[in-house]
file coords_4.cif (mmCIF, C-alpha atoms)
data_final
#
loop_
_atom_site.label_atom_id
_atom_site.label_comp_id
_atom_site.auth_asym_id
_atom_site.auth_seq_id
_atom_site.Cartn_x
_atom_site.Cartn_y
_atom_site.Cartn_z
CA MET V 1 15.51 -11.65 5.05
CA MET V 2 16.91 -8.32 6.31
CA THR V 3 19.51 -8.40 3.51
CA PHE V 4 16.76 -8.93 0.93
CA ILE V 5 14.67 -6.09 2.37
CA ASP V 6 17.66 -3.78 2.56
CA LYS V 7 18.65 -4.51 -1.04
CA TYR V 8 15.33 -4.73 -2.89
CA ILE V 9 12.59 -3.09 -0.78
CA MET V 10 14.16 -0.22 1.12
CA PRO V 11 15.51 1.72 -1.93
CA GLY V 12 12.09 1.71 -3.56
CA ALA V 13 10.33 2.62 -0.32
CA VAL V 14 12.68 5.53 0.30
CA LYS V 15 12.22 6.74 -3.28
CA VAL V 16 8.43 6.65 -2.95
CA GLY V 17 8.61 8.35 0.44
CA ASN V 18 10.70 11.20 -0.97
CA ASN V 19 8.62 11.77 -4.11
CA ARG V 20 7.82 15.48 -4.19
CA HIS V 21 4.36 14.99 -5.71
CA LEU V 22 3.23 12.47 -3.08
CA LEU V 23 4.70 14.65 -0.34
CA ALA V 24 2.82 17.68 -1.68
CA ILE V 25 -0.48 15.76 -1.65
CA ARG V 26 0.12 14.37 1.83
CA ASP V 27 1.29 17.67 3.35
CA ALA V 28 -1.56 19.65 1.82
CA LEU V 29 -4.24 17.26 3.06
CA ILE V 30 -2.64 17.10 6.50
CA GLY V 31 -2.49 20.90 6.52
CA MET V 32 -6.25 20.97 5.98
CA ILE V 33 -6.87 19.11 9.24
CA ALA V 34 -8.42 22.14 10.97
CA ILE V 35 -10.96 22.43 8.14
CA THR V 36 -11.83 18.74 8.06
CA MET V 37 -11.97 18.40 11.86
CA ILE V 38 -14.38 21.28 12.48
CA GLY V 39 -16.57 20.22 9.56
CA SER V 40 -16.64 16.64 10.77
CA PHE V 41 -17.51 17.53 14.35
CA ALA V 42 -20.18 19.96 13.17
CA VAL V 43 -21.92 17.09 11.36
CA LEU V 44 -21.36 14.82 14.37
CA PHE V 45 -22.85 17.25 16.87
CA ASN V 46 -25.86 17.85 14.62
CA ASN V 47 -26.62 14.14 14.32
CA LEU V 48 -25.99 13.43 17.99
CA GLY V 49 -29.26 15.25 18.59
CA GLN V 50 -31.03 12.32 16.91
CA VAL V 51 -29.01 9.65 18.74
CA ILE V 52 -28.95 11.30 22.18
CA LYS V 53 -32.38 12.86 22.64
CA PRO V 54 -31.61 14.84 25.83
CA TYR V 55 -28.71 16.52 24.02
CA GLY V 56 -31.00 17.47 21.13
CA ARG V 57 -33.63 18.90 23.48
CA MET V 58 -30.97 20.86 25.37
CA MET V 59 -29.57 22.40 22.17
CA GLU V 60 -33.06 23.28 20.98
CA ALA V 61 -33.87 24.92 24.31
CA ILE V 62 -30.71 27.04 24.15
CA PHE V 63 -30.54 27.97 20.44
CA GLY V 64 -34.06 27.34 19.19
CA PRO V 65 -35.56 24.85 16.69
CA ALA V 66 -33.03 25.78 14.00
CA TRP V 67 -29.96 25.13 16.19
CA ASN V 68 -28.56 22.60 13.73
CA THR V 69 -28.21 25.21 10.97
CA LEU V 70 -24.87 26.12 12.58
CA GLY V 71 -23.55 22.66 11.78
CA GLY V 72 -24.90 22.93 8.25
CA ASP V 73 -23.19 26.28 7.72
CA ILE V 74 -19.87 24.92 8.98
CA TRP V 75 -20.22 21.86 6.74
CA PHE V 76 -20.86 24.12 3.73
CA GLY V 77 -17.80 26.23 4.51
CA THR V 78 -15.53 23.20 4.91
CA PHE V 79 -16.46 19.92 3.25
CA ALA V 80 -18.48 21.49 0.45
CA PHE V 81 -15.26 23.06 -0.92
CA MET V 82 -12.78 20.35 0.05
CA THR V 83 -11.29 20.02 -3.44
CA VAL V 84 -10.80 23.77 -3.79
CA PHE V 85 -8.72 23.85 -0.59
CA ALA V 86 -6.77 20.82 -1.81
CA VAL V 87 -5.93 22.48 -5.15
CA PHE V 88 -4.57 25.55 -3.39
CA GLY V 89 -2.60 23.51 -0.85
CA ILE V 90 -1.12 20.91 -3.22
CA SER V 91 -0.04 23.51 -5.76
CA TYR V 92 1.55 25.66 -3.06
CA LYS V 93 3.46 22.74 -1.49
CA LEU V 94 4.65 21.41 -4.85
CA ALA V 95 5.82 24.81 -6.07
CA ARG V 96 7.67 25.37 -2.80
CA SER V 97 9.48 22.07 -3.26
CA TYR V 98 10.97 23.54 -6.48
CA GLY V 99 12.13 26.70 -4.70
CA ASP V 100 9.22 28.84 -5.94
CA ASP V 101 7.35 31.02 -3.43
CA GLY V 102 4.18 29.16 -4.39
CA PHE V 103 1.75 32.08 -4.36
CA GLU V 104 1.34 32.61 -8.11
CA ALA V 105 1.41 28.85 -8.76
CA MET V 106 -1.40 28.38 -6.28
CA LEU V 107 -3.63 30.96 -7.97
CA VAL V 108 -2.84 29.76 -11.50
CA SER V 109 -3.66 26.14 -10.56
CA ALA V 110 -6.96 27.23 -9.04
CA ALA V 111 -7.83 29.11 -12.23
CA CYS V 112 -7.02 26.01 -14.30
CA PHE V 113 -9.23 23.88 -12.07
CA PHE V 114 -12.18 26.28 -12.26
CA LEU V 115 -12.04 26.70 -16.05
CA LEU V 116 -12.24 22.91 -16.50
CA LEU V 117 -15.57 22.76 -14.65
CA PRO V 118 -18.93 22.87 -16.45
CA GLN V 119 -20.30 26.40 -16.60
CA ILE V 120 -23.84 25.22 -17.10
CA GLY V 121 -25.48 22.87 -14.64
CA ASN V 122 -28.79 21.06 -14.85
CA VAL V 123 -31.44 22.51 -12.58
CA THR V 124 -34.72 20.74 -11.81
CA LEU V 125 -37.72 22.97 -11.06
CA THR V 126 -41.28 21.98 -10.22
CA ILE V 127 -43.75 23.79 -12.47
CA ASP V 128 -47.46 22.94 -12.30
CA ASP V 129 -46.65 19.79 -10.28
CA LYS V 130 -44.21 18.67 -12.97
CA ASP V 131 -40.42 18.43 -12.66
CA VAL V 132 -38.74 20.36 -15.45
CA THR V 133 -35.00 19.92 -15.95
CA GLY V 134 -32.97 22.43 -17.90
CA GLY V 135 -29.61 24.09 -18.13
CA ALA V 136 -28.78 27.27 -16.29
CA TRP V 137 -25.51 29.14 -16.55
CA GLY V 138 -23.62 29.40 -13.25
CA PHE V 139 -25.56 26.69 -11.42
CA VAL V 140 -22.57 24.41 -10.84
CA SER V 141 -23.16 21.39 -8.61
CA VAL V 142 -21.34 21.34 -5.28
CA ASN V 143 -20.09 17.89 -6.30
CA TYR V 144 -17.52 19.64 -8.49
CA PHE V 145 -16.03 21.32 -5.41
CA ASN V 146 -16.31 18.78 -2.60
CA ALA V 147 -14.40 15.53 -2.10
CA THR V 148 -16.22 13.94 -5.05
CA ALA V 149 -13.89 15.93 -7.32
CA LEU V 150 -10.79 15.45 -5.15
CA PHE V 151 -9.00 13.19 -7.64
CA THR V 152 -9.54 15.71 -10.44
CA GLY V 153 -8.32 18.52 -8.22
CA ILE V 154 -5.14 16.62 -7.37
CA VAL V 155 -4.40 15.87 -11.04
CA VAL V 156 -5.02 19.45 -12.16
CA ALA V 157 -3.01 20.94 -9.29
CA LEU V 158 0.01 18.73 -9.98
CA ILE V 159 0.03 19.21 -13.76
CA ALA V 160 -0.73 22.93 -13.72
CA THR V 161 1.99 23.57 -11.14
CA GLU V 162 4.53 21.54 -13.11
CA ILE V 163 3.77 23.53 -16.28
CA PHE V 164 3.88 26.87 -14.47
CA VAL V 165 7.15 26.15 -12.64
CA ARG V 166 8.87 24.93 -15.80
CA LEU V 167 7.68 27.90 -17.86
CA SER V 168 8.84 30.23 -15.09
CA ARG V 169 12.37 28.92 -15.58
CA VAL V 170 12.43 29.84 -19.28
CA LYS V 171 14.33 33.12 -19.28
CA TYR V 172 12.72 34.35 -22.53
CA LEU V 173 9.30 34.24 -20.84
CA VAL V 174 10.38 36.23 -17.79
CA ILE V 175 9.62 39.97 -17.81
CA LYS V 176 12.29 41.99 -16.03
CA LEU V 177 11.29 45.42 -14.78
CA PRO V 178 13.68 48.25 -13.78
CA ASP V 179 15.30 48.15 -10.35
CA GLY V 180 13.13 50.97 -9.03
CA VAL V 181 9.95 48.91 -9.33
CA PRO V 182 8.66 47.54 -5.98
CA PRO V 183 9.74 43.89 -5.48
CA ALA V 184 6.16 42.59 -5.23
CA VAL V 185 5.24 44.13 -8.56
CA ALA V 186 8.46 42.91 -10.18
CA ARG V 187 7.82 39.32 -9.02
CA SER V 188 4.26 39.39 -10.35
CA PHE V 189 5.35 40.62 -13.80
CA ALA V 190 8.24 38.16 -13.87
CA LYS V 191 5.74 35.29 -13.86
CA LEU V 192 3.02 37.01 -15.87
CA VAL V 193 3.67 35.18 -19.15
CA PRO V 194 4.15 31.72 -17.56
CA GLY V 195 0.90 32.16 -15.62
CA MET V 196 -1.07 33.27 -18.68
CA ALA V 197 0.43 30.48 -20.78
CA THR V 198 -0.45 27.82 -18.18
CA ILE V 199 -4.07 28.97 -18.00
CA PHE V 200 -4.29 29.15 -21.80
CA ILE V 201 -2.93 25.61 -22.12
CA ALA V 202 -5.54 24.38 -19.61
CA GLY V 203 -8.29 26.14 -21.54
CA VAL V 204 -7.24 24.61 -24.88
CA PHE V 205 -7.00 21.20 -23.25
CA GLY V 206 -10.50 21.54 -21.79
CA LEU V 207 -11.94 22.51 -25.17
CA LEU V 208 -10.27 19.62 -27.01
CA PHE V 209 -11.17 17.20 -24.25
CA ARG V 210 -14.88 18.05 -24.40
CA LYS V 211 -14.77 17.68 -28.17
CA ALA V 212 -13.12 14.25 -27.91
CA THR V 213 -15.53 12.98 -25.24
CA ASP V 214 -18.81 14.32 -26.64
CA GLY V 215 -19.08 17.16 -24.17
CA GLN V 216 -17.88 15.46 -20.97
CA VAL V 217 -15.86 17.59 -18.61
CA LEU V 218 -12.63 16.21 -17.14
CA ASN V 219 -14.07 15.46 -13.70
CA ASP V 220 -17.01 13.44 -15.04
CA TRP V 221 -14.75 11.43 -17.34
CA LEU V 222 -12.19 10.70 -14.62
CA SER V 223 -14.92 9.70 -12.17
CA LYS V 224 -16.41 7.28 -14.67
CA VAL V 225 -13.20 5.75 -16.05
CA ILE V 226 -10.75 5.87 -13.13
CA VAL V 227 -12.09 7.06 -9.79
CA SER V 228 -15.16 4.83 -9.40
CA PRO V 229 -13.34 1.57 -10.31
CA LEU V 230 -10.35 2.63 -8.18
CA GLN V 231 -12.46 3.41 -5.12
CA SER V 232 -14.29 0.10 -5.47
CA ALA V 233 -10.94 -1.71 -5.49
CA VAL V 234 -9.59 0.36 -2.60
CA ASP V 235 -12.65 -0.17 -0.42
CA SER V 236 -12.01 -3.90 -0.25
CA LEU V 237 -10.64 -6.34 2.28
CA PRO V 238 -7.61 -7.39 0.16
CA PHE V 239 -6.52 -3.76 -0.20
CA ALA V 240 -6.96 -3.18 3.54
CA ILE V 241 -4.82 -6.22 4.35
CA LEU V 242 -2.13 -5.22 1.84
CA LEU V 243 -2.00 -1.64 3.10
CA VAL V 244 -1.73 -2.56 6.79
CA PHE V 245 0.86 -5.24 6.04
CA LEU V 246 3.05 -2.80 4.05
CA VAL V 247 2.77 -0.06 6.68
CA HIS V 248 4.03 -2.35 9.42
CA LEU V 249 6.62 -4.06 7.26
CA LEU V 250 8.14 -0.64 6.53
CA TRP V 251 8.12 0.17 10.24
CA MET V 252 9.99 -3.05 10.98
CA ILE V 253 12.88 -1.93 8.78
CA GLY V 254 12.96 1.54 10.32
CA LEU V 255 10.85 3.46 7.81
CA HIS V 256 7.76 5.48 8.74
CA GLY V 257 5.12 3.40 6.94
CA PRO V 258 2.13 5.77 7.27
CA ASN V 259 4.16 8.74 6.02
CA ILE V 260 5.64 6.85 3.07
CA LEU V 261 2.29 5.49 1.89
CA GLY V 262 0.32 8.55 2.97
CA GLY V 263 0.68 10.33 -0.36
CA ILE V 264 -1.18 7.46 -2.00
CA THR V 265 -3.64 6.43 0.71
CA THR V 266 -4.54 9.78 2.28
CA PRO V 267 -6.54 11.16 -0.69
CA LEU V 268 -8.34 7.83 -1.10
CA PHE V 269 -9.31 7.59 2.58
CA GLU V 270 -10.06 11.32 2.72
CA SER V 271 -12.39 11.16 -0.26
CA SER V 272 -14.28 8.15 1.09
CA GLY V 273 -14.41 9.69 4.56
CA VAL V 274 -15.89 12.95 3.30
CA LYS V 275 -18.43 10.99 1.26
CA ASN V 276 -19.52 9.17 4.42
CA ILE V 277 -19.76 12.42 6.35
CA ASP V 278 -21.89 13.95 3.59
CA LEU V 279 -24.21 10.93 3.56
CA TYR V 280 -24.49 11.09 7.34
CA ALA V 281 -25.23 14.82 7.23
CA LYS V 282 -28.06 14.12 4.79
CA GLY V 283 -29.48 11.44 7.09
CA VAL V 284 -28.93 8.53 4.67
CA LYS V 285 -29.88 5.27 6.42
CA ASP V 286 -28.79 2.81 3.72
CA MET V 287 -25.49 1.44 5.07
CA ASP V 288 -24.56 0.01 1.66
CA GLN V 289 -23.91 3.53 0.40
CA TYR V 290 -21.22 4.14 3.02
CA GLY V 291 -17.57 3.23 2.46
CA VAL V 292 -15.84 0.88 4.88
CA LEU V 293 -12.21 2.01 4.51
CA ALA V 294 -13.04 5.65 5.09
CA GLY V 295 -11.39 8.51 6.90
CA SER V 296 -10.27 7.47 10.39
CA PHE V 297 -10.97 3.73 10.01
CA LEU V 298 -7.42 2.65 10.87
CA ASP V 299 -6.95 5.18 13.68
CA ALA V 300 -10.24 4.18 15.29
CA PHE V 301 -10.04 0.40 15.02
CA VAL V 302 -6.51 -0.77 14.11
CA TYR V 303 -3.80 1.67 15.24
CA LEU V 304 -4.69 1.33 18.92
CA GLY V 305 -1.80 3.05 20.64
CA GLY V 306 -0.14 3.74 17.29
CA SER V 307 1.08 1.53 14.48
CA GLY V 308 1.20 -2.10 15.57
CA ALA V 309 -1.51 -1.52 18.19
CA THR V 310 1.30 -1.18 20.73
CA LEU V 311 -1.05 -0.19 23.52
CA GLY V 312 -1.86 -3.91 23.57
CA LEU V 313 1.89 -4.56 23.98
CA ILE V 314 2.07 -2.18 26.94
CA ILE V 315 -0.88 -3.93 28.58
CA ALA V 316 0.77 -7.30 27.91
CA MET V 317 3.93 -5.99 29.58
CA ILE V 318 1.93 -4.96 32.63
CA ILE V 319 0.44 -8.46 32.82
CA ALA V 320 3.52 -10.57 32.07
CA GLY V 321 6.58 -8.49 32.82
CA ARG V 322 5.71 -5.57 35.05
CA LYS V 323 8.99 -5.65 37.01
CA ARG V 324 11.24 -6.23 34.01
CA TYR V 325 9.56 -3.63 31.79
CA LYS V 326 8.75 -1.11 34.50
CA GLN V 327 10.78 1.66 32.87
CA MET V 328 9.42 0.93 29.39
CA ILE V 329 5.84 0.92 30.68
CA ALA V 330 6.39 4.28 32.35
CA LEU V 331 8.08 5.67 29.22
CA GLY V 332 5.55 4.46 26.64
CA GLY V 333 2.33 4.14 28.62
CA ALA V 334 1.07 7.75 28.66
CA PRO V 335 2.06 8.53 25.04
CA GLY V 336 0.57 5.18 23.96
CA VAL V 337 -2.83 6.20 25.26
CA PHE V 338 -2.70 9.08 22.79
CA GLN V 339 -1.53 6.91 19.86
CA ILE V 340 2.14 7.97 20.14
CA ASN V 341 4.38 4.91 20.20
CA GLU V 342 7.86 5.98 19.10
CA PRO V 343 9.20 5.39 22.66
CA ILE V 344 8.15 1.73 22.35
CA LEU V 345 9.14 1.30 18.70
CA PHE V 346 12.70 2.52 19.23
CA GLY V 347 13.10 2.00 22.97
CA LEU V 348 12.18 -1.68 23.29
CA PRO V 349 13.07 -1.84 20.35
CA ILE V 350 10.52 -3.23 17.90
CA VAL V 351 12.19 -1.76 14.82
CA LEU V 352 14.70 -4.22 13.27
CA ASN V 353 13.89 -6.77 15.99
CA PRO V 354 12.75 -10.14 14.51
CA MET V 355 11.32 -11.15 17.90
CA TRP V 356 8.39 -8.76 17.49
CA PHE V 357 7.80 -9.21 13.76
CA ILE V 358 4.79 -11.56 14.06
CA PRO V 359 2.72 -9.64 16.66
CA PHE V 360 3.63 -6.20 15.31
CA VAL V 361 2.85 -6.98 11.65
CA LEU V 362 0.26 -9.75 11.75
CA GLY V 363 -1.65 -8.47 14.78
CA PRO V 364 -2.92 -5.33 13.00
CA VAL V 365 -3.72 -7.43 9.91
CA ILE V 366 -5.97 -9.64 12.05
CA THR V 367 -7.75 -6.66 13.65
CA THR V 368 -8.13 -5.08 10.21
CA VAL V 369 -9.92 -8.18 8.93
CA ILE V 370 -12.18 -8.22 12.01
CA SER V 371 -12.95 -4.50 11.69
CA TYR V 372 -13.65 -4.66 7.97
CA ILE V 373 -16.05 -7.58 8.37
CA ALA V 374 -17.76 -5.93 11.35
CA VAL V 375 -18.38 -2.67 9.48
CA SER V 376 -19.22 -4.16 6.08
CA SER V 377 -21.72 -6.57 7.63
CA GLY V 378 -23.52 -3.78 9.47
CA MET V 379 -22.64 -4.97 12.97
CA VAL V 380 -20.67 -1.76 13.52
CA PHE V 381 -21.71 1.68 12.29
CA PRO V 382 -19.39 3.03 9.54
CA ILE V 383 -16.95 5.90 9.96
CA VAL V 384 -18.92 9.15 9.73
CA ALA V 385 -16.64 11.59 11.56
CA LYS V 386 -12.98 12.54 11.32
CA ILE V 387 -11.08 12.23 14.58
CA PRO V 388 -7.58 13.44 15.50
CA TRP V 389 -5.11 10.57 15.25
CA VAL V 390 -4.16 11.22 18.89
CA THR V 391 -7.67 10.35 20.12
CA PRO V 392 -7.39 7.58 22.75
CA PRO V 393 -8.54 4.08 21.73
CA ILE V 394 -12.20 3.17 22.35
CA VAL V 395 -13.05 6.89 22.60
CA GLY V 396 -11.90 7.20 18.98
CA GLY V 397 -14.12 4.32 17.91
CA PHE V 398 -17.10 5.95 19.62
CA LEU V 399 -16.57 9.38 18.06
CA ALA V 400 -15.58 8.18 14.58
CA THR V 401 -18.84 6.25 14.23
CA GLY V 402 -20.96 9.25 15.14
CA GLY V 403 -21.34 8.42 18.81
CA HIS V 404 -22.39 4.79 18.30
CA VAL V 405 -21.49 2.34 21.04
CA SER V 406 -20.73 -0.30 18.41
CA GLY V 407 -17.60 1.62 17.39
CA ALA V 408 -16.32 1.71 20.96
CA VAL V 409 -17.07 -2.00 21.45
CA LEU V 410 -15.17 -2.96 18.28
CA ALA V 411 -12.14 -0.89 19.34
CA ALA V 412 -12.22 -2.49 22.80
CA ILE V 413 -12.42 -6.00 21.33
CA ASN V 414 -9.50 -5.26 19.00
CA LEU V 415 -7.48 -3.95 21.93
CA VAL V 416 -8.10 -7.18 23.84
CA ILE V 417 -7.13 -9.22 20.76
CA SER V 418 -3.94 -7.19 20.29
CA THR V 419 -3.03 -7.73 23.94
CA ALA V 420 -3.65 -11.47 23.60
CA ILE V 421 -1.44 -11.62 20.48
CA TYR V 422 1.42 -9.78 22.19
CA LEU V 423 1.17 -11.70 25.49
CA PRO V 424 2.96 -14.95 24.50
CA PHE V 425 5.77 -12.97 22.90
CA VAL V 426 6.22 -10.90 26.05
CA TYR V 427 6.41 -14.12 28.10
CA ALA V 428 8.94 -15.52 25.63
CA GLN V 429 11.04 -12.35 25.72
CA VAL V 430 11.04 -12.39 29.54
CA LYS V 431 12.28 -15.99 29.53
CA ILE V 432 14.98 -15.18 26.96
CA ASP V 433 16.16 -12.16 28.98
CA THR V 434 16.15 -14.17 32.22
CA LYS V 435 18.11 -16.98 30.61
CA ASN V 436 20.65 -14.56 29.15
CA GLU V 437 21.06 -12.81 32.49
CA THR V 438 21.57 -16.13 34.28
CA LYS V 439 24.17 -17.17 31.72
CA LEU V 440 25.92 -13.82 32.00
CA THR V 441 26.01 -14.13 35.78
CA LYS V 442 27.50 -17.61 35.61
CA ASP V 443 30.09 -16.47 33.06
CA SER V 444 31.04 -13.57 35.32
CA GLU V 445 31.43 -15.86 38.33
CA THR V 446 33.58 -18.25 36.28
CA LEU V 447 35.84 -15.41 35.16
CA SER V 448 36.18 -14.14 38.74
CA LEU V 449 37.32 -17.58 39.90
#
call {"tool": "encode", "arguments": {"input": "coords_4.cif", "output": "structure tokens"}}
result
Amino acid sequence: MMTFIDKYIMPGAVKVGNNRHLLAIRDALIGMIAITMIGSFAVLFNNLGQVIKPYGRMMEAIFGPAWNTLGGDIWFGTFAFMTVFAVFGISYKLARSYGDDGFEAMLVSAACFFLLLPQIGNVTLTIDDKDVTGGAWGFVSVNYFNATALFTGIVVALIATEIFVRLSRVKYLVIKLPDGVPPAVARSFAKLVPGMATIFIAGVFGLLFRKATDGQVLNDWLSKVIVSPLQSAVDSLPFAILLVFLVHLLWMIGLHGPNILGGITTPLFESSGVKNIDLYAKGVKDMDQYGVLAGSFLDAFVYLGGSGATLGLIIAMIIAGRKRYKQMIALGGAPGVFQINEPILFGLPIVLNPMWFIPFVLGPVITTVISYIAVSSGMVFPIVAKIPWVTPPIVGGFLATGGHVSGAVLAAINLVISTAIYLPFVYAQVKIDTKNETKLTKDSETLSL
């Protein structure tokens, strides 16, 4: 099996993990964590006033009846422009991977993204008790800037950056100024023609695209043809099972599963997570509108102690092999509480160890199925807040669901299940180690005689 994986799976996994475009997407979205975290907690703290009444009354007493406008302002400055931040970040990271400084590429990509948006939005006004809808220049919906347009932003950022970088390498398009010109000015003029050409190409494409699609802009067309069907397929139990299985299978052969697949899964989870946060901020009560596999779903309910739910393994060690695994418990216990499990993965080891394949890979799949069913059925509140991946288990479930006890209960149940799955394997490993030690002792005594 290891030979098969090494020959057929690992080369492809490594290639995907090193793809510059996926890395640019992943690194840019991870780099936006400060923006997404503060926006998420702003929405969470606003809505906690409805869940925890004393907290709401306290905030109103301190800041007045409009205390929750602070959360609304922070949401508007973060989540409302999520795609714009992503375009800047992805373009910058991708250009840097080609050796470019990334600054001009970042601005050119943003210009390409903006010019592909509709310049006239429909505005509905109430006149004489009647709703009148009409077009107004400059009234662009926020849906063209927030996570709803994230897929479009990613596509535009990648393509525009590729065009700009390649044109910048054509020596006939580079303007060289005399040596006495300040370096900053010289660099700007050197990429003047490539930048103008990239924006012009995007403008021509937008014009031809609207003509071919009867006036549809790129984002609307992509949302209708690709994004909506894709998100429906992604937000499904089979996809969740496949994703979790692949992540842990890659870990078993020594590859960082979440990082390798992050370039593909991060934008999908991020988009769904932001959608949930927006719905929650608007006070939407219909749970069917919320996504299940959203944002911090895996961190809150599945990766309890890190990939493989290894906090359950540490607890199982405490129960079944405290003396034998005393050093490993001390080494991995504290980090495991904060979802850091490399000491266990490589110290036990779990990586490349067939003994732990079943609990490490299949355990998270089981808890994923339980979590998906619990959230999709309405027994557990959906993910409506982004949490740091280092948030301790149970606490993460509570915060990610907007302060609902159901999230904490589900995380606690999954932790118990993970411990129960690991327990028989810990007992078996203790017996194997004891037997090997006994045999080694006997062999040593025989040799001494």
call {"tool": "residues_around", "arguments": {"input": "coords_4.cif", "residues": "Asp220 in chain V", "least_positions_apart": "2", "cutoff": "12 Å", "atoms": "only C-alpha atoms", "output": "list in words"}}
result
Leu116, Leu117, Pro118, Ser141, Asn143, Tyr144, Thr148, Ala149, Leu150, Phe151, Thr152, Phe209, Arg210, Thr213, Asp214, Gly215, Gln216, Val217, Leu218, Leu222, Ser223, Lys224, Val225, Ile226, Val227 and Ser228 of chain V
call {"tool": "closest_residue", "arguments": {"input": "coords_4.cif", "among": "V:Ile199, V:Leu423, V:Leu207, V:Leu352", "to": "Thr310 in chain V", "atoms": "only C-alpha atoms"}}
result
V:Leu423
call {"tool": "residues_near_point", "arguments": {"input": "coords_4.cif", "point": "(9.6, 35.4, -17.2)", "cutoff": "9 Å", "atoms": "all atoms listed in the file", "output": "PyMOL selection string"}}
result
chain V and resi 167-176+189-194
call {"tool": "closest_residue", "arguments": {"input": "coords_4.cif", "among": "V:Phe79, V:Phe357, V:Phe239, V:Phe41", "to": "Val384 in chain V", "atoms": "all atoms listed in the file"}}
result
V:Phe41
call {"tool": "atom_distance", "arguments": {"input": "coords_4.cif", "atom1": "CA of Ser188 in chain V", "atom2": "CA of Arg26 in chain V"}}
result
28.1 Å
call {"tool": "resolve_selection", "arguments": {"input": "coords_4.cif", "expression": "the PyMOL selection byres ((chain V and resi 155) around 12)", "output": "MDAnalysis selection string"}}
result
chainID V and resid 21:22 24:25 83 86:87 90:91 109:110 112:113 116 149:154 156:162 218:219 222 227 267
call {"tool": "resolve_selection", "arguments": {"input": "coords_4.cif", "expression": "the PyMOL selection byres ((chain V and resi 356) around 12)", "output": "ChimeraX atom specification"}}
result
/V:248-249,251-253,308,310,313,344-345,348-355,357-363,421-426,428-429
call {"tool": "axis_aligned_box", "arguments": {"input": "coords_4.cif", "around": "range 225-232 of chain V", "padding_each_side": "6 Å", "output": "lines of an AutoDock Vina configuration file"}}
result
center_x = -12.8
center_y = 3.6
center_z = -10.6
size_x = 16.8
size_y = 19.0
size_z = 22.9
